[in-house]
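The data block below is model.tsv; it holds TSV, C-alpha atoms.
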```
chain	number	residue	atom	x	y	z
W	14	MET	CA	113.35	105.77	92.12
W	15	PHE	CA	114.93	108.08	94.65
W	16	LYS	CA	118.22	108.45	92.87
W	17	LYS	CA	117.89	112.20	92.51
W	18	PHE	CA	115.57	113.16	95.28
W	19	ASN	CA	116.03	116.52	96.85
W	20	ALA	CA	114.04	117.76	99.82
W	21	LYS	CA	114.06	121.29	98.48
W	22	ASP	CA	113.14	120.68	94.86
W	23	ASP	CA	110.91	117.65	94.84
W	24	ILE	CA	108.64	118.15	97.82
W	25	HIS	CA	105.52	120.11	97.05
W	26	SER	CA	103.33	119.98	100.11
W	27	ARG	CA	102.90	118.40	103.46
W	28	THR	CA	99.50	117.84	105.11
W	29	ASN	CA	98.20	116.09	108.18
W	30	ILE	CA	95.96	113.13	107.61
W	31	LYS	CA	92.52	112.92	109.16
W	32	SER	CA	92.21	110.11	111.69
W	33	SER	CA	89.45	108.48	109.65
W	34	VAL	CA	91.74	108.37	106.65
W	35	GLN	CA	94.55	107.20	108.91
W	36	ARG	CA	92.45	104.25	110.03
W	37	GLY	CA	91.72	103.35	106.43
W	38	LEU	CA	95.42	103.49	105.64
W	39	LYS	CA	96.26	101.20	108.53
W	40	SER	CA	93.76	98.60	107.37
W	41	LYS	CA	95.05	98.78	103.81
W	42	LEU	CA	98.59	98.27	105.09
W	43	VAL	CA	97.60	95.23	107.12
W	44	GLU	CA	95.79	93.89	104.08
W	45	GLN	CA	98.90	94.23	102.02
W	46	PHE	CA	101.29	92.91	104.67
W	47	PRO	CA	99.35	90.46	106.86
W	48	LYS	CA	102.26	89.94	109.22
W	49	LEU	CA	102.09	93.60	110.17
W	50	GLU	CA	98.82	93.07	111.98
W	51	ASN	CA	100.26	92.49	115.44
W	52	VAL	CA	102.72	95.36	115.30
W	53	ILE	CA	100.75	97.91	113.32
W	54	ASP	CA	99.97	99.82	116.48
W	55	GLU	CA	103.66	100.14	117.18
W	56	VAL	CA	104.31	101.37	113.68
W	57	ILE	CA	101.41	103.80	113.62
W	58	PRO	CA	100.15	104.41	117.14
W	59	LYS	CA	96.52	105.41	117.52
W	60	LYS	CA	97.29	108.88	118.78
W	61	GLY	CA	100.07	109.46	116.29
W	62	GLN	CA	99.71	112.14	113.66
W	63	LEU	CA	100.48	110.78	110.21
W	64	ILE	CA	101.66	113.27	107.62
W	65	VAL	CA	101.46	112.84	103.88
W	66	ILE	CA	104.16	114.59	101.87
W	67	LYS	CA	103.31	115.11	98.23
W	68	CYS	CA	106.22	115.04	95.81
W	69	THR	CA	106.82	115.29	92.09
W	70	ASP	CA	105.49	112.54	89.84
W	71	LYS	CA	102.43	111.67	91.91
W	72	LEU	CA	104.59	110.32	94.71
W	73	SER	CA	103.34	110.48	98.30
W	74	LEU	CA	105.45	109.83	101.36
W	75	TYR	CA	103.71	108.88	104.57
W	76	ALA	CA	105.67	109.99	107.59
W	77	MET	CA	105.29	110.24	111.31
W	78	ASP	CA	107.50	112.05	113.78
W	79	ASN	CA	109.89	113.15	111.05
W	80	GLU	CA	110.49	109.65	109.79
W	81	VAL	CA	109.13	108.30	106.54
W	82	LEU	CA	107.26	105.04	107.06
W	83	PHE	CA	105.80	104.23	103.65
W	84	TYR	CA	105.65	105.70	100.22
W	85	GLN	CA	103.27	105.27	97.33
W	86	HIS	CA	103.67	106.00	93.64
W	87	PHE	CA	100.35	106.70	91.87
W	88	ASP	CA	98.03	104.04	93.28
W	89	ASP	CA	100.58	101.25	93.42
W	90	PRO	CA	100.82	99.15	96.56
W	91	PHE	CA	102.52	100.79	99.54
W	92	VAL	CA	106.26	100.39	99.84
W	93	PRO	CA	107.78	100.46	103.32
W	94	SER	CA	110.84	102.61	103.85
W	95	LEU	CA	114.14	100.88	104.53
W	96	LYS	CA	114.31	102.18	108.07
W	97	LEU	CA	110.92	100.62	108.81
W	98	ILE	CA	112.04	97.30	107.41
W	99	HIS	CA	115.14	97.40	109.59
W	100	ARG	CA	112.90	97.77	112.60
W	101	PHE	CA	110.39	95.07	111.67
W	102	THR	CA	112.26	92.72	109.35
W	103	ASP	CA	110.05	89.69	109.91
W	104	CYS	CA	106.83	91.42	108.97
W	105	PHE	CA	107.74	91.81	105.31
W	106	PRO	CA	108.39	89.11	102.70
W	107	SER	CA	112.07	89.01	101.81
W	108	VAL	CA	114.51	87.60	99.31
W	109	ARG	CA	118.27	87.23	99.56
W	110	VAL	CA	120.58	88.25	96.76
W	111	ASP	CA	124.02	87.07	95.90
W	112	ARG	CA	126.93	89.02	97.38
W	113	GLY	CA	128.15	90.17	94.01
W	114	ALA	CA	124.91	92.00	93.32
W	115	ILE	CA	125.17	94.26	96.38
W	116	LYS	CA	127.43	96.78	94.67
W	117	PHE	CA	125.06	97.19	91.75
W	118	ILE	CA	121.92	97.44	93.84
W	119	LEU	CA	123.52	100.18	95.93
W	120	SER	CA	124.04	102.21	92.78
W	121	GLY	CA	120.41	101.87	91.82
W	122	ALA	CA	120.32	98.93	89.44
W	123	ASN	CA	117.41	96.51	89.24
W	124	ILE	CA	117.93	92.89	90.20
W	125	MET	CA	118.34	90.35	87.45
W	126	CYS	CA	117.12	86.77	87.93
W	127	PRO	CA	120.59	85.20	88.08
W	128	GLY	CA	121.31	87.34	91.16
W	129	LEU	CA	118.40	85.61	92.86
W	130	THR	CA	119.06	82.05	91.78
W	131	SER	CA	122.82	81.75	92.20
W	132	LYS	CA	124.58	80.03	95.04
W	133	GLY	CA	124.49	82.76	97.65
W	134	ALA	CA	120.92	83.83	97.08
W	135	THR	CA	117.70	82.53	98.61
W	136	LEU	CA	114.19	82.80	97.32
W	137	PRO	CA	111.22	81.85	99.46
W	138	ASP	CA	109.85	78.33	98.95
W	139	GLU	CA	106.28	79.43	98.45
W	140	ASN	CA	105.49	81.43	95.37
W	141	LEU	CA	105.23	85.20	95.70
W	142	PRO	CA	103.20	86.67	92.87
W	143	ALA	CA	104.49	89.42	90.61
W	144	GLY	CA	103.83	92.85	92.04
W	145	THR	CA	104.60	91.87	95.64
W	146	VAL	CA	106.70	94.34	97.56
W	147	VAL	CA	109.68	92.54	99.07
W	148	ALA	CA	112.59	93.44	101.30
W	149	ILE	CA	115.93	92.69	99.70
W	150	LEU	CA	118.52	91.16	101.97
W	151	ALA	CA	122.03	90.16	101.01
W	152	GLU	CA	124.12	87.05	101.39
W	153	GLY	CA	125.92	87.25	104.68
W	154	LYS	CA	124.10	90.32	105.98
W	155	GLU	CA	121.35	90.60	108.53
W	156	THR	CA	119.84	93.94	107.61
W	157	ALA	CA	117.87	94.75	104.49
W	158	LEU	CA	119.68	96.61	101.78
W	159	ALA	CA	116.83	97.61	99.51
W	160	VAL	CA	113.09	97.34	98.90
W	161	GLY	CA	111.65	96.37	95.56
W	162	LYS	CA	108.69	95.06	93.63
W	163	LEU	CA	108.67	91.63	92.03
W	164	ILE	CA	108.45	91.82	88.25
W	165	MET	CA	108.01	88.07	87.90
W	166	ASP	CA	106.59	85.41	90.27
W	167	THR	CA	109.31	83.81	92.35
W	168	ASP	CA	108.53	80.48	90.68
W	169	ASP	CA	109.06	82.07	87.28
W	170	ILE	CA	112.32	83.58	88.45
W	171	LYS	CA	113.53	80.12	89.43
W	172	LYS	CA	112.35	78.57	86.17
W	173	ILE	CA	113.14	81.17	83.53
W	174	ASN	CA	116.17	82.75	85.21
W	175	LYS	CA	116.47	85.51	82.64
W	176	GLY	CA	115.65	89.18	82.66
W	177	ILE	CA	114.75	91.58	85.42
W	178	GLY	CA	113.42	89.88	88.54
W	179	ILE	CA	112.92	92.74	90.95
W	180	GLU	CA	112.52	96.44	90.32
W	181	VAL	CA	114.31	98.26	93.10
W	182	GLY	CA	112.36	101.17	94.60
W	183	THR	CA	114.66	102.44	97.32
W	184	HIS	CA	118.07	101.33	98.57
W	185	LEU	CA	120.61	102.23	101.24
W	186	GLY	CA	122.04	105.65	100.69
W	187	ASP	CA	119.62	106.96	98.11
W	188	GLY	CA	117.58	110.16	98.23
W	189	LEU	CA	114.94	108.70	100.51
W	190	TRP	CA	117.49	107.28	102.96
W	191	SER	CA	119.23	110.62	103.32
W	192	LEU	CA	116.01	112.61	103.45
W	193	GLU	CA	115.66	114.80	106.50
W	194	ILE	CA	112.24	116.10	107.30
W	195	GLU	CA	111.98	119.13	109.49
E	8	MET	CA	98.08	79.30	120.19
E	9	THR	CA	99.35	82.86	120.13
E	10	GLU	CA	102.67	83.57	118.47
E	11	GLU	CA	104.99	86.16	119.88
E	12	ARG	CA	105.49	88.76	117.20
E	13	PRO	CA	108.91	90.37	117.35
E	14	SER	CA	108.57	93.97	118.37
E	15	ALA	CA	110.75	96.68	116.89
E	16	ARG	CA	114.41	95.87	116.64
E	17	ILE	CA	116.77	98.70	117.23
E	18	ILE	CA	119.33	98.80	114.46
E	19	LEU	CA	122.61	100.59	114.93
E	20	TYR	CA	123.68	102.82	112.07
E	21	CYS	CA	127.28	103.79	111.40
E	22	GLY	CA	128.05	107.33	112.51
E	23	ILE	CA	130.13	108.07	109.44
E	24	CYS	CA	128.19	106.71	106.49
E	25	THR	CA	124.73	106.18	108.09
E	26	PHE	CA	124.53	102.64	106.74
E	27	PRO	CA	124.20	99.59	108.99
E	28	PRO	CA	127.81	98.74	109.88
E	29	GLU	CA	127.84	95.55	107.81
E	30	TYR	CA	127.41	97.66	104.65
E	31	CYS	CA	130.13	100.18	105.45
E	32	GLU	CA	132.45	98.54	102.95
E	33	PHE	CA	130.21	99.74	100.12
E	34	GLY	CA	130.10	103.32	101.27
E	35	GLY	CA	133.55	104.49	100.24
E	36	THR	CA	134.61	105.60	103.73
E	37	LEU	CA	135.55	102.17	105.05
E	38	GLN	CA	138.62	103.22	107.01
E	39	LYS	CA	136.83	106.03	108.87
E	40	CYS	CA	133.85	103.75	109.48
E	41	LYS	CA	136.07	101.04	110.92
E	42	ASP	CA	137.77	103.52	113.24
E	43	TRP	CA	134.45	104.89	114.38
E	44	LEU	CA	133.06	101.44	115.02
E	45	LYS	CA	136.16	100.40	116.94
E	46	ASP	CA	135.79	103.41	119.23
E	47	GLU	CA	132.04	103.33	119.72
E	48	HIS	CA	131.10	99.68	119.56
E	49	PRO	CA	134.13	97.41	119.95
E	50	ASP	CA	131.99	94.31	120.27
E	51	LEU	CA	130.38	94.88	116.87
E	52	TYR	CA	133.80	95.70	115.43
E	53	ASP	CA	135.08	92.33	116.52
E	54	LYS	CA	132.03	90.61	115.14
E	55	LEU	CA	132.42	92.19	111.72
E	56	TYR	CA	136.11	92.73	111.23
E	57	SER	CA	137.84	90.16	113.36
E	58	GLU	CA	140.40	87.94	111.70
E	59	ASP	CA	138.38	84.75	111.32
E	60	VAL	CA	135.38	86.57	109.89
E	61	LEU	CA	137.56	88.10	107.20
E	62	THR	CA	139.17	84.81	106.26
E	63	LYS	CA	135.79	83.09	106.07
E	64	ALA	CA	134.45	85.73	103.73
E	65	THR	CA	137.41	85.59	101.38
E	66	GLU	CA	138.06	81.87	101.39
E	67	GLY	CA	135.51	81.44	98.63
E	68	LEU	CA	137.40	83.81	96.34
E	69	SER	CA	140.57	82.90	94.54
E	70	LEU	CA	143.73	84.88	95.20
E	71	GLU	CA	143.48	87.19	92.20
E	72	LYS	CA	139.84	87.93	92.86
E	73	GLN	CA	140.80	88.91	96.40
E	74	ALA	CA	143.34	91.35	95.05
E	75	LYS	CA	140.74	92.75	92.66
E	76	VAL	CA	138.27	93.28	95.48
E	77	GLU	CA	140.97	95.07	97.48
E	78	ARG	CA	141.79	97.34	94.57
E	79	GLU	CA	138.15	98.21	94.01
E	80	ILE	CA	137.69	99.16	97.65
E	81	GLN	CA	140.80	101.36	97.44
E	82	LYS	CA	139.50	103.04	94.29
E	83	LEU	CA	136.14	103.77	95.87
E	84	GLN	CA	137.79	105.27	98.93
E	85	ALA	CA	140.09	107.42	96.82
E	86	LYS	CA	137.13	108.69	94.82
E	87	GLU	CA	135.21	109.62	97.94
E	88	ALA	CA	138.24	111.34	99.42
E	89	ASN	CA	138.68	113.36	96.22
E	90	LYS	CA	135.05	114.40	96.22
E	91	ALA	CA	135.25	115.58	99.81
E	92	GLU	CA	138.44	117.51	99.07
E	93	LYS	CA	136.95	119.22	96.03
E	94	GLU	CA	133.91	120.29	97.99
E	95	LEU	CA	136.05	121.74	100.73
E	96	LYS	CA	138.12	123.65	98.19
E	97	LYS	CA	135.01	125.01	96.56
E	98	MET	CA	133.75	126.16	99.92
E	99	LEU	CA	136.96	127.98	100.69
E	100	SER	CA	137.14	129.71	97.34
E	101	SER	CA	133.57	130.99	97.24
E	102	LYS	CA	132.60	134.11	99.07
E	103	VAL	CA	129.51	135.63	100.55
E	104	VAL	CA	128.43	138.81	98.80
E	105	VAL	CA	126.68	141.50	100.83
E	106	LYS	CA	125.17	144.04	98.46
E	107	ARG	CA	123.63	147.35	99.41
E	108	VAL	CA	120.86	148.34	97.04
E	109	GLU	CA	119.01	151.62	97.01
E	110	ARG	CA	115.28	151.35	97.13
E	111	SER	CA	114.45	155.04	97.25
E	112	LYS	CA	116.38	158.14	98.24
E	113	ARG	CA	116.55	157.37	101.94
E	114	LYS	CA	115.91	153.64	102.02
E	115	HIS	CA	118.24	150.76	101.30
E	116	VAL	CA	118.06	147.01	101.34
E	117	ILE	CA	120.82	144.51	101.85
E	118	ALA	CA	121.02	141.51	99.54
E	119	VAL	CA	123.09	138.57	100.82
E	120	SER	CA	123.99	135.93	98.27
E	121	GLY	CA	126.24	132.90	98.15
E	122	VAL	CA	125.28	131.36	101.47
E	123	GLU	CA	124.15	127.99	100.17
E	124	VAL	CA	127.61	126.74	99.27
E	125	PHE	CA	128.44	126.67	102.96
E	126	GLY	CA	125.55	124.47	103.91
E	127	ILE	CA	123.55	127.27	105.45
E	128	ASP	CA	119.80	127.12	104.89
E	129	PRO	CA	118.82	130.51	103.38
E	130	LYS	CA	115.26	130.36	104.70
E	131	LYS	CA	116.37	129.76	108.27
E	132	LEU	CA	119.00	132.45	107.98
E	133	ALA	CA	116.43	134.90	106.65
E	134	LYS	CA	114.20	134.25	109.63
E	135	THR	CA	117.11	134.80	112.00
E	136	PHE	CA	117.93	138.10	110.30
E	137	ALA	CA	114.32	139.22	110.48
E	138	SER	CA	114.10	138.64	114.20
E	139	LYS	CA	117.59	139.94	114.89
E	140	PHE	CA	117.23	143.20	113.01
E	141	ALA	CA	113.52	143.60	113.62
E	142	THR	CA	112.90	144.16	109.91
E	143	GLY	CA	111.56	142.14	107.04
E	144	ALA	CA	113.79	139.54	105.42
E	145	SER	CA	112.98	137.15	102.63
E	146	VAL	CA	114.57	134.73	100.22
E	147	THR	CA	114.25	135.48	96.52
E	148	LYS	CA	115.95	134.33	93.35
E	149	ASN	CA	118.25	136.91	91.86
E	150	VAL	CA	119.15	137.56	88.22
E	151	GLU	CA	121.67	134.72	88.12
E	152	GLY	CA	119.11	132.24	89.44
E	153	LYS	CA	120.77	131.85	92.83
E	154	ASP	CA	119.00	132.33	96.12
E	155	GLU	CA	119.40	135.71	97.74
E	156	ILE	CA	118.37	136.95	101.15
E	157	VAL	CA	116.92	140.45	101.01
E	158	ILE	CA	116.85	142.39	104.28
E	159	GLN	CA	115.07	145.71	104.58
E	160	GLY	CA	117.08	148.56	105.99
E	161	ASP	CA	120.73	149.50	105.95
E	162	VAL	CA	122.09	146.77	108.18
E	163	GLY	CA	125.16	145.88	106.09
E	164	ASP	CA	127.70	146.15	108.90
E	165	GLU	CA	125.77	143.98	111.29
E	166	VAL	CA	125.14	141.43	108.58
E	167	GLU	CA	128.82	141.19	107.77
E	168	GLU	CA	129.66	140.68	111.43
E	169	TYR	CA	126.99	138.07	111.90
E	170	VAL	CA	127.88	136.11	108.80
E	171	THR	CA	131.59	136.04	109.63
E	172	ALA	CA	130.75	134.81	113.11
E	173	LEU	CA	128.47	132.14	111.68
E	174	LEU	CA	131.13	130.94	109.27
E	175	GLU	CA	133.77	130.87	111.99
E	176	GLU	CA	131.49	128.70	114.06
E	177	LYS	CA	131.35	126.25	111.22
E	178	GLY	CA	135.10	126.34	110.97
E	179	LEU	CA	135.31	128.17	107.66
E	180	ASP	CA	136.96	131.36	108.84
E	181	GLY	CA	139.12	131.88	105.77
E	182	VAL	CA	136.09	132.85	103.77
E	183	LYS	CA	135.66	136.37	102.47
E	184	VAL	CA	132.58	138.42	102.99
E	185	GLU	CA	132.46	141.00	100.24
E	186	ARG	CA	130.65	144.32	100.49
E	187	ILE	CA	129.25	145.85	97.33
E	188	GLU	CA	127.31	149.00	96.72
E	189	ASP	CA	124.78	148.69	93.94
E	190	LYS	CA	124.30	152.05	92.31
E	191	PRO	CA	121.39	152.43	89.89
E	192	LYS	CA	122.35	154.24	86.72
E	193	LYS	CA	121.49	157.91	86.79
E	194	LYS	CA	119.35	159.11	83.92
E	195	SER	CA	121.67	160.95	81.53
E	196	GLN	CA	120.61	164.45	80.57
E	197	ALA	CA	119.54	164.76	76.96
```
Written as structure tokens, how would this file's structure read?
Amino acid sequence: MFKKFNAKDDIHSRTNIKSSVQRGLKSKLVEQFPKLENVIDEVIPKKGQLIVIKCTDKLSLYAMDNEVLFYQHFDDPFVPSLKLIHRFTDCFPSVRVDRGAIKFILSGANIMCPGLTSKGATLPDENLPAGTVVAILAEGKETALAVGKLIMDTDDIKKINKGIGIEVGTHLGDGLWSLEIE
Amino acid sequence: MTEERPSARIILYCGICTFPPEYCEFGGTLQKCKDWLKDEHPDLYDKLYSEDVLTKATEGLSLEKQAKVEREIQKLQAKEANKAEKELKKMLSSKVVVKRVERSKRKHVIAVSGVEVFGIDPKKLAKTFASKFATGASVTKNVEGKDEIVIQGDVGDEVEEYVTALLEEKGLDGVKVERIEDKPKKKSQA
């Protein structure tokens, strides 16, 4: 989604968020990612000033201290930025892809089911429903390489093994990763 | 029973390609990244690139696949090197144009164009000009669609000096700063 994302052209406005709205955002985030509950105050401290950056295509980036934490497209669930996932890897559900898929993901491709069911890949044992935002790790690597949304339930991915499994939202080295906020 | 939640992990990012070091091989600047890592964090370098790690990673691949992987990495690196070279050449061949435009009989403005190619932010530069010359300066789009910095007053000489100094600082001192005088056409007598 951030393949061609330019700070100059695509950012429209930047506003501070009221603390009441900020509280609501925090509770929505914890609702979406239950494991975030214990660390949410580290991610978004109480006294911190959250900024929302409005971009083209009804895309909002939520940032604090010049670092993007989450983004949201229309009213879809929140997607954490890669840098946030690197900091709190265990708080987000994750999948592991096969080593051969890394090259394609880093050029923006979506993840096909075979990349998630082959030898090097791991899918969680319990079913994750379609629409869940997951961190994408790679075989043999410790840090996340991308963040995406599940198109099919993980059980379906294991069973059907055909078609697109995960739609990649942001990956290492894309527009969002290289974005510098003044 | 309370569980200890892991607090924030601090992840090191490569100084050359900004990826986590384990992904440097996909960035196209592998050699530079390896050198940087060796200098800055030798322990991580050993962990990632030491002999046994490499053999473990490639033992799953057959010999010809290994060669293919090597060739692909080389190709990527060559592509990135070419891109960097082309950009540098473009930078050296473009020039900054300082144009003096007449606003009315006694007043002139200076229009500076072609600064973006060198990685200079026109807005920031405009602000610096405004405070330096104590006049108004703004960024507008000129006829060709490129950004232009318009400074009120006849400050052409100082601008040229300042811009050359700025470029030298960046290391691009071969660049030309061209001075043009923009004369409006005089109304021909019927």
If you count all atoms listed in the file, which residues fall within 10 Å of Ile127 in chain E, apart from same-chain ones fewer than 5 positions away, as a list in words?
Gly121, Val122, Leu132, Leu173, Leu174 and Lys177 of chain E
Within 12 Å of chain E, which residues of chain W come that close, and what is the closest atom pair and distance in Å for each? Count all atoms listed in the file and give it as a Markdown table.
```
| residue | atom | partner | partner_atom | distance |
| --- | --- | --- | --- | --- |
| W:Lys21 | CA | E:Asp128 | CA | 10.4 |
| W:Lys48 | CA | E:Arg12 | CA | 8.7 |
| W:Leu49 | CA | E:Arg12 | CA | 9.2 |
| W:Glu50 | CA | E:Arg12 | CA | 9.5 |
| W:Asn51 | CA | E:Arg12 | CA | 6.7 |
| W:Val52 | CA | E:Ser14 | CA | 6.8 |
| W:Ile53 | CA | E:Ser14 | CA | 10.1 |
| W:Asp54 | CA | E:Ser14 | CA | 10.6 |
| W:Glu55 | CA | E:Ala15 | CA | 7.9 |
| W:Val56 | CA | E:Ala15 | CA | 8.6 |
| W:Leu95 | CA | E:Phe26 | CA | 10.8 |
| W:Lys96 | CA | E:Ile18 | CA | 8.8 |
| W:Leu97 | CA | E:Ala15 | CA | 9.0 |
| W:Ile98 | CA | E:Ala15 | CA | 9.6 |
| W:His99 | CA | E:Ile18 | CA | 6.6 |
| W:Arg100 | CA | E:Arg16 | CA | 4.7 |
| W:Phe101 | CA | E:Ala15 | CA | 5.5 |
| W:Thr102 | CA | E:Arg16 | CA | 8.2 |
| W:Asp103 | CA | E:Pro13 | CA | 7.6 |
| W:Cys104 | CA | E:Pro13 | CA | 8.7 |
| W:Arg112 | CA | E:Ala64 | CA | 10.4 |
| W:Gly113 | CA | E:Val76 | CA | 10.7 |
| W:Ala114 | CA | E:Phe33 | CA | 11.6 |
| W:Ile115 | CA | E:Phe33 | CA | 8.3 |
| W:Lys116 | CA | E:Phe33 | CA | 6.8 |
| W:Phe117 | CA | E:Phe33 | CA | 10.2 |
| W:Ile118 | CA | E:Phe33 | CA | 10.7 |
| W:Leu119 | CA | E:Phe33 | CA | 7.9 |
| W:Ser120 | CA | E:Phe33 | CA | 9.9 |
| W:Lys132 | CA | E:Gly67 | CA | 11.6 |
| W:Gly133 | CA | E:Gly67 | CA | 11.1 |
| W:Leu150 | CA | E:Tyr30 | CA | 11.3 |
| W:Ala151 | CA | E:Tyr30 | CA | 9.9 |
| W:Glu152 | CA | E:Ala64 | CA | 10.7 |
| W:Gly153 | CA | E:Ala64 | CA | 8.7 |
| W:Lys154 | CA | E:Glu29 | CA | 6.7 |
| W:Glu155 | CA | E:Glu29 | CA | 8.2 |
| W:Thr156 | CA | E:Pro27 | CA | 7.3 |
| W:Ala157 | CA | E:Pro27 | CA | 9.2 |
| W:Leu158 | CA | E:Tyr30 | CA | 8.3 |
| W:Ala159 | CA | E:Phe26 | CA | 11.7 |
| W:His184 | CA | E:Phe26 | CA | 10.5 |
| W:Leu185 | CA | E:Phe26 | CA | 6.8 |
| W:Gly186 | CA | E:Phe26 | CA | 7.2 |
| W:Asp187 | CA | E:Phe26 | CA | 10.8 |
| W:Trp190 | CA | E:Thr25 | CA | 8.9 |
| W:Ser191 | CA | E:Thr25 | CA | 8.5 |
| W:Leu192 | CA | E:Thr25 | CA | 11.8 |
| W:Glu195 | CA | E:Lys131 | CA | 11.6 |
```
File of the preceding selection, C-alpha atoms, as an mmCIF file, keeping the file's coordinate frame:
```cif
data_model
loop_
_atom_site.group_PDB
_atom_site.id
_atom_site.type_symbol
_atom_site.label_atom_id
_atom_site.label_comp_id
_atom_site.auth_asym_id
_atom_site.auth_seq_id
_atom_site.Cartn_x
_atom_site.Cartn_y
_atom_site.Cartn_z
ATOM 1 C CA LYS W 21 114.060 121.290 98.480
ATOM 2 C CA LYS W 48 102.260 89.940 109.220
ATOM 3 C CA LEU W 49 102.090 93.600 110.170
ATOM 4 C CA GLU W 50 98.820 93.070 111.980
ATOM 5 C CA ASN W 51 100.260 92.490 115.440
ATOM 6 C CA VAL W 52 102.720 95.360 115.300
ATOM 7 C CA ILE W 53 100.750 97.910 113.320
ATOM 8 C CA ASP W 54 99.970 99.820 116.480
ATOM 9 C CA GLU W 55 103.660 100.140 117.180
ATOM 10 C CA VAL W 56 104.310 101.370 113.680
ATOM 11 C CA LEU W 95 114.140 100.880 104.530
ATOM 12 C CA LYS W 96 114.310 102.180 108.070
ATOM 13 C CA LEU W 97 110.920 100.620 108.810
ATOM 14 C CA ILE W 98 112.040 97.300 107.410
ATOM 15 C CA HIS W 99 115.140 97.400 109.590
ATOM 16 C CA ARG W 100 112.900 97.770 112.600
ATOM 17 C CA PHE W 101 110.390 95.070 111.670
ATOM 18 C CA THR W 102 112.260 92.720 109.350
ATOM 19 C CA ASP W 103 110.050 89.690 109.910
ATOM 20 C CA CYS W 104 106.830 91.420 108.970
ATOM 21 C CA ARG W 112 126.930 89.020 97.380
ATOM 22 C CA GLY W 113 128.150 90.170 94.010
ATOM 23 C CA ALA W 114 124.910 92.000 93.320
ATOM 24 C CA ILE W 115 125.170 94.260 96.380
ATOM 25 C CA LYS W 116 127.430 96.780 94.670
ATOM 26 C CA PHE W 117 125.060 97.190 91.750
ATOM 27 C CA ILE W 118 121.920 97.440 93.840
ATOM 28 C CA LEU W 119 123.520 100.180 95.930
ATOM 29 C CA SER W 120 124.040 102.210 92.780
ATOM 30 C CA LYS W 132 124.580 80.030 95.040
ATOM 31 C CA GLY W 133 124.490 82.760 97.650
ATOM 32 C CA LEU W 150 118.520 91.160 101.970
ATOM 33 C CA ALA W 151 122.030 90.160 101.010
ATOM 34 C CA GLU W 152 124.120 87.050 101.390
ATOM 35 C CA GLY W 153 125.920 87.250 104.680
ATOM 36 C CA LYS W 154 124.100 90.320 105.980
ATOM 37 C CA GLU W 155 121.350 90.600 108.530
ATOM 38 C CA THR W 156 119.840 93.940 107.610
ATOM 39 C CA ALA W 157 117.870 94.750 104.490
ATOM 40 C CA LEU W 158 119.680 96.610 101.780
ATOM 41 C CA ALA W 159 116.830 97.610 99.510
ATOM 42 C CA HIS W 184 118.070 101.330 98.570
ATOM 43 C CA LEU W 185 120.610 102.230 101.240
ATOM 44 C CA GLY W 186 122.040 105.650 100.690
ATOM 45 C CA ASP W 187 119.620 106.960 98.110
ATOM 46 C CA TRP W 190 117.490 107.280 102.960
ATOM 47 C CA SER W 191 119.230 110.620 103.320
ATOM 48 C CA LEU W 192 116.010 112.610 103.450
ATOM 49 C CA GLU W 195 111.980 119.130 109.490
#
```
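Going from CA of Leu129 in chain W to CA of Phe18 in chain W covers 27.8 Å.
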Just give me the residues with any atom within 10 Å of (134.1, 144.7, 96.8), file coordinates, counting all atoms listed in the file, written as a list of chain:residue names.
E:Val104, E:Val105, E:Lys106, E:Val184, E:Glu185, E:Arg186, E:Ile187, E:Glu188
Nearby residues (only C-alpha atoms) at most 12 Å from Asn19 in chain W, same-chain spacing under 4 positions excluded, as number ranges by chain
W: 15, 23-25, 68-69, 187-194
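CA of Val146 in chain W is positioned 9.0 Å from CA of Phe46 in chain W.
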Between CA of Asn174 in chain W and CA of Cys126 in chain W, what is the distance, to one decimal in Å?
4.9 Å
